[in-house]
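Structure file model_28.txt (compact mmCIF, C-alpha atoms) follows.
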# COMPACT_ATOMS: atom_id res chain seq x y z
CA MET A 1 -5.90 -48.50 -41.37
CA ILE A 2 -3.84 -46.11 -39.24
CA VAL A 3 -1.92 -43.45 -41.10
CA LYS A 4 0.88 -41.83 -39.16
CA THR A 5 1.70 -38.23 -39.90
CA PRO A 6 5.45 -37.90 -40.40
CA LEU A 7 7.24 -36.01 -37.68
CA PHE A 8 8.89 -32.73 -38.56
CA THR A 9 12.55 -32.43 -37.66
CA TYR A 10 14.89 -29.50 -37.25
CA ASP A 11 16.19 -30.19 -40.78
CA ASP A 12 12.63 -29.81 -42.12
CA LEU A 13 12.19 -26.63 -40.13
CA ALA A 14 15.37 -25.15 -41.61
CA GLN A 15 13.90 -25.58 -45.12
CA LEU A 16 10.75 -23.53 -44.43
CA PRO A 17 10.45 -20.06 -46.00
CA ASP A 18 11.48 -16.86 -44.25
CA ASP A 19 7.97 -15.43 -44.52
CA GLY A 20 7.55 -13.54 -41.25
CA LYS A 21 5.85 -16.45 -39.51
CA ARG A 22 7.29 -18.27 -36.52
CA TYR A 23 7.83 -21.99 -36.92
CA GLU A 24 8.34 -24.23 -33.91
CA LEU A 25 8.32 -27.98 -33.25
CA ALA A 26 6.48 -29.64 -30.39
CA ASP A 27 7.26 -33.37 -30.35
CA GLY A 28 7.66 -33.24 -34.13
CA GLU A 29 4.42 -31.34 -34.72
CA LEU A 30 4.81 -28.13 -36.70
CA ILE A 31 3.42 -25.09 -34.89
CA VAL A 32 2.98 -21.97 -37.06
CA SER A 33 2.28 -18.53 -35.59
CA PRO A 34 1.86 -15.28 -37.49
CA ALA A 35 4.17 -12.37 -36.80
CA PRO A 36 3.46 -10.74 -33.42
CA ALA A 37 1.25 -7.65 -33.14
CA THR A 38 2.83 -4.22 -32.90
CA TYR A 39 2.18 -3.75 -29.15
CA HIS A 40 3.70 -7.17 -28.48
CA GLN A 41 6.81 -6.00 -30.31
CA ARG A 42 6.97 -2.77 -28.29
CA VAL A 43 6.82 -4.75 -25.05
CA SER A 44 9.44 -7.14 -26.42
CA ALA A 45 11.73 -4.19 -27.18
CA ARG A 46 11.42 -2.96 -23.57
CA PHE A 47 12.33 -6.39 -22.17
CA GLY A 48 15.09 -6.61 -24.78
CA ASN A 49 16.48 -3.32 -23.51
CA LEU A 50 16.65 -4.81 -20.00
CA LEU A 51 18.54 -7.82 -21.34
CA PHE A 52 20.87 -5.64 -23.44
CA ARG A 53 21.75 -3.75 -20.27
CA ALA A 54 22.62 -7.09 -18.62
CA GLU A 55 24.73 -8.06 -21.64
CA ASP A 56 26.49 -4.69 -21.69
CA ALA A 57 27.24 -5.12 -17.97
CA GLY A 58 29.02 -8.37 -18.81
CA TRP A 59 26.57 -10.93 -17.40
CA GLY A 60 26.06 -12.93 -20.61
CA ARG A 61 24.34 -12.78 -24.02
CA MET A 62 20.77 -11.99 -25.02
CA PHE A 63 18.85 -13.02 -28.12
CA ALA A 64 15.46 -12.02 -29.49
CA ALA A 65 13.06 -13.90 -31.74
CA PRO A 66 13.42 -15.33 -34.20
CA THR A 67 16.19 -17.39 -32.61
CA ASP A 68 15.79 -21.16 -32.64
CA VAL A 69 16.33 -22.97 -29.36
CA HIS A 70 17.07 -26.59 -30.18
CA PHE A 71 16.05 -29.15 -27.54
CA GLY A 72 16.52 -32.09 -29.88
CA ARG A 73 15.50 -33.21 -33.33
CA TYR A 74 11.76 -32.83 -32.67
CA GLN A 75 11.71 -29.93 -30.18
CA VAL A 76 12.56 -26.45 -31.46
CA VAL A 77 11.11 -23.21 -30.09
CA GLN A 78 11.55 -19.50 -30.70
CA PRO A 79 11.10 -17.67 -27.39
CA ASP A 80 10.40 -13.96 -27.57
CA LEU A 81 13.64 -13.29 -25.69
CA LEU A 82 16.32 -15.34 -24.00
CA PHE A 83 19.48 -14.86 -21.98
CA ILE A 84 22.51 -17.11 -21.59
CA SER A 85 24.95 -16.51 -18.75
CA ASN A 86 28.69 -16.32 -19.39
CA ASP A 87 29.41 -19.75 -17.93
CA ARG A 88 27.11 -21.39 -20.53
CA LEU A 89 28.00 -19.54 -23.72
CA GLU A 90 29.09 -22.82 -25.33
CA ILE A 91 25.43 -23.62 -26.09
CA ILE A 92 25.42 -20.81 -28.68
CA GLU A 93 25.82 -22.41 -32.11
CA PRO A 94 26.00 -20.47 -35.40
CA GLN A 95 22.41 -21.41 -36.39
CA TYR A 96 20.66 -21.97 -33.05
CA ILE A 97 20.92 -22.27 -29.28
CA ALA A 98 21.71 -25.88 -28.35
CA GLY A 99 19.84 -26.45 -25.11
CA GLY A 100 18.09 -24.49 -22.43
CA PRO A 101 18.91 -20.82 -21.95
CA ASP A 102 19.22 -19.55 -18.39
CA LEU A 103 16.26 -17.17 -18.82
CA VAL A 104 13.37 -17.27 -21.28
CA ILE A 105 10.80 -14.48 -21.64
CA GLU A 106 7.51 -15.13 -23.41
CA ILE A 107 5.07 -12.30 -24.05
CA LEU A 108 1.52 -13.56 -24.06
CA SER A 109 -0.81 -12.92 -26.96
CA PRO A 110 -4.24 -14.36 -27.68
CA ARG A 111 -2.68 -16.65 -30.31
CA THR A 112 0.20 -17.96 -28.18
CA ARG A 113 -1.14 -17.83 -24.60
CA ASP A 114 -2.07 -21.51 -24.37
CA HIS A 115 1.27 -22.62 -25.83
CA ASP A 116 3.31 -20.30 -23.60
CA LEU A 117 1.50 -21.39 -20.43
CA GLY A 118 1.15 -25.04 -21.50
CA TRP A 119 3.60 -27.12 -23.48
CA LYS A 120 6.33 -24.47 -23.57
CA LYS A 121 6.29 -24.03 -19.79
CA THR A 122 6.52 -27.81 -19.37
CA LEU A 123 9.28 -28.05 -21.98
CA TYR A 124 11.32 -25.24 -20.44
CA ALA A 125 11.12 -26.83 -16.99
CA ARG A 126 12.04 -30.27 -18.34
CA GLU A 127 15.00 -28.81 -20.27
CA GLY A 128 16.39 -26.92 -17.27
CA VAL A 129 15.55 -23.29 -18.11
CA ARG A 130 16.27 -21.78 -14.69
CA PHE A 131 14.11 -18.67 -15.01
CA TYR A 132 10.93 -18.23 -17.06
CA TRP A 133 9.22 -14.84 -17.16
CA VAL A 134 5.72 -14.64 -18.58
CA ALA A 135 4.77 -11.09 -19.56
CA ASP A 136 1.06 -10.30 -19.92
CA PRO A 137 0.64 -7.07 -21.93
CA ILE A 138 -3.10 -6.89 -21.24
CA ALA A 139 -2.81 -7.21 -17.45
CA LYS A 140 0.56 -5.40 -17.55
CA THR A 141 2.13 -8.02 -15.28
CA VAL A 142 5.22 -10.19 -15.25
CA GLN A 143 4.98 -13.66 -13.72
CA PRO A 144 8.50 -14.72 -12.66
CA LEU A 145 8.97 -18.48 -12.44
CA THR A 146 12.04 -20.13 -10.94
CA LEU A 147 12.94 -23.75 -11.61
CA GLY A 148 12.60 -25.91 -8.52
CA ALA A 149 12.74 -29.63 -7.78
CA ARG A 150 9.21 -30.25 -9.16
CA GLY A 151 8.99 -27.72 -11.96
CA TYR A 152 8.52 -24.00 -11.70
CA ASP A 153 7.93 -22.17 -8.44
CA GLU A 154 5.71 -19.14 -9.04
CA ALA A 155 6.29 -15.85 -7.30
CA PRO A 156 3.34 -13.44 -7.19
CA PRO A 157 2.87 -11.54 -10.47
CA LEU A 158 4.70 -8.22 -10.55
CA ARG A 159 2.78 -5.04 -11.44
CA ALA A 160 3.44 -1.33 -11.92
CA GLY A 161 5.49 -0.10 -8.99
CA ASP A 162 7.17 -3.49 -8.50
CA THR A 163 10.80 -4.02 -9.46
CA LEU A 164 11.80 -6.88 -11.73
CA VAL A 165 15.20 -8.40 -10.96
CA CYS A 166 16.89 -11.65 -11.94
CA PRO A 167 19.60 -13.48 -9.96
CA LEU A 168 21.53 -13.86 -13.22
CA PHE A 169 22.18 -10.10 -13.31
CA PRO A 170 21.21 -8.73 -9.88
CA ASP A 171 22.39 -5.18 -10.51
CA ILE A 172 20.11 -4.75 -13.56
CA THR A 173 16.50 -3.99 -12.64
CA ALA A 174 13.37 -2.50 -14.18
CA ASP A 175 10.16 -0.99 -12.88
CA VAL A 176 7.42 -3.20 -14.31
CA ALA A 177 5.44 -0.12 -15.40
CA HIS A 178 8.33 0.85 -17.73
CA LEU A 179 8.12 -2.55 -19.49
CA PHE A 180 4.58 -1.90 -20.75
CA PRO A 181 4.53 1.37 -22.75
structure tokens encoding of this file:
Amino acid sequence: MIVKTPLFTYDDLAQLPDDGKRYELADGELIVSPAPATYHQRVSARFGNLLFRAEDAGWGRMFAAPTDVHFGRYQVVQPDLLFISNDRLEIIEPQYIAGGPDLVIEILSPRTRDHDLGWKKTLYAREGVRFYWVADPIAKTVQPLTLGARGYDEAPPLRAGDTLVCPLFPDITADVAHLFP
């Protein structure tokens, strides 16, 4: 006898407790992650500062986790940070982001590394996220990925001394060394 596990939906996700954990859905499977470590949060704040500067300059809106990004009933993620350009602000709903942001930033941790480099990368490409930055706090690098015809095109990882810039807000830059305190 085959027993099918029921799929979780966004409605199920909305009923879960606000307990400091991050809840996401991958094809209806519930993914639970504990709250990020303190260094992860410091790095996130530095990237958030970069995105706040872009927002303040009038390029669009930034959001930090926990913000649900809704790709359908069975696909909901909470990127560490995301940015939506002015011409796509209509995807911002009161409870979640409805569709792919223009930029997603994930900060790797031992607990989330495989998800961030695996199913999330595939999902973001499939859902049209134009820019995906993967920050590695251990290596102190940022891997910028740009959506191409066959998925993400990878530029070389950026390190201390390199300048991080995004075509969405070309006048807002950061030295990679400053992003990893």
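The closest residue to Val176 of chain A, picked from A:Ala139, A:Leu103, A:Ile84, A:Val32 and counting only C-alpha atoms, is A:Ala139.
Proximity to Phe63 of chain A was assessed for A:Val165, A:Leu25, A:Asp102, A:Pro36 counting all atoms listed in the file; the smallest distance is recorded for A:Asp102.
Take atom CA of Asp27 of chain A and atom CA of Leu7 of chain A: the distance between them is 7.8 Å.
Proximity ranking of A:Val142, A:Val104, A:Ala14, A:Val43 relative to Gly128 of chain A places A:Val104 first, based on only C-alpha atoms.
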* **From A:Pro156, A:Cys166, A:Trp119, A:Leu108, residue lying nearest Ile138 of chain A [all atoms listed in the file]** => A:Leu108
* Select all residues near (6.9, -32.3, -37.6) (cut-off 7 Å, inclusive, file coordinates), counting only C-alpha atoms, and output them as a list in words. => Pro6, Leu7, Phe8, Thr9, Leu25, Gly28, Glu29, Leu30 and Tyr74 of chain A
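Nearest residue to Asp136 of chain A, choosing from A:Glu55, A:Asp175, A:Asp80, A:Glu106 and counting all atoms listed in the file: A:Glu106.
For segment 149-152 of chain A, the non-local neighbours within 12 Å, defined as residues at least 5 positions apart in the same chain or in other chains and counting all atoms listed in the file, are Leu117, Lys121, Thr122, Leu123, Tyr124, Ala125, Arg126, Glu127, Gly128, Val129, Arg130, Phe131, Tyr132, Trp133, Val134, Gln143 and Pro144 of chain A.
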* Interatomic distance between atom CA of Gln75 of chain A and atom CA of Ala26 of chain A? -> 5.2 Å
* To do: Using atom CA of Glu24 of chain A and atom CA of Leu50 of chain A as the two end points, give the distance in Å to one decimal.
  => 25.3 Å
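Closest approach to His115 of chain A among A:Gln78, A:Thr38, A:Asn49, A:Thr67 is made by A:Gln78 (distances from all atoms listed in the file).
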* Would you list the residues near (17.7, -3.5, -16.3) (no more than 8 Å away, in the coordinates of the file, using all atoms listed in the file) as number ranges by chain? => A: 49-51, 53-54, 165, 171-174
Name the residues in contact with Gly99 of chain A at a cut-off of 7 Å, using all atoms listed in the file, excluding same-chain residues fewer than 6 positions from it; report them as an mmCIF file with C-alpha atoms, keeping the file's coordinate frame.
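See part10.cif below for the written result:
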data_model
loop_
_atom_site.group_PDB
_atom_site.id
_atom_site.type_symbol
_atom_site.label_atom_id
_atom_site.label_comp_id
_atom_site.auth_asym_id
_atom_site.auth_seq_id
_atom_site.Cartn_x
_atom_site.Cartn_y
_atom_site.Cartn_z
ATOM 1 C CA VAL A 69 16.330 -22.970 -29.360
ATOM 2 C CA HIS A 70 17.070 -26.590 -30.180
ATOM 3 C CA PHE A 71 16.050 -29.150 -27.540
ATOM 4 C CA ILE A 91 25.430 -23.620 -26.090
#
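The shell of residues at most 12 Å from Pro181 of chain A, with all atoms listed in the file counted and near chain neighbours (fewer than 6 positions) removed, consists of Thr38, Tyr39, His40, Gln41, Arg42, Val43, Ser44, Ala45, Arg46, Phe47, Pro137, Ile138, Lys140, Ala160 and Asp175 of chain A.
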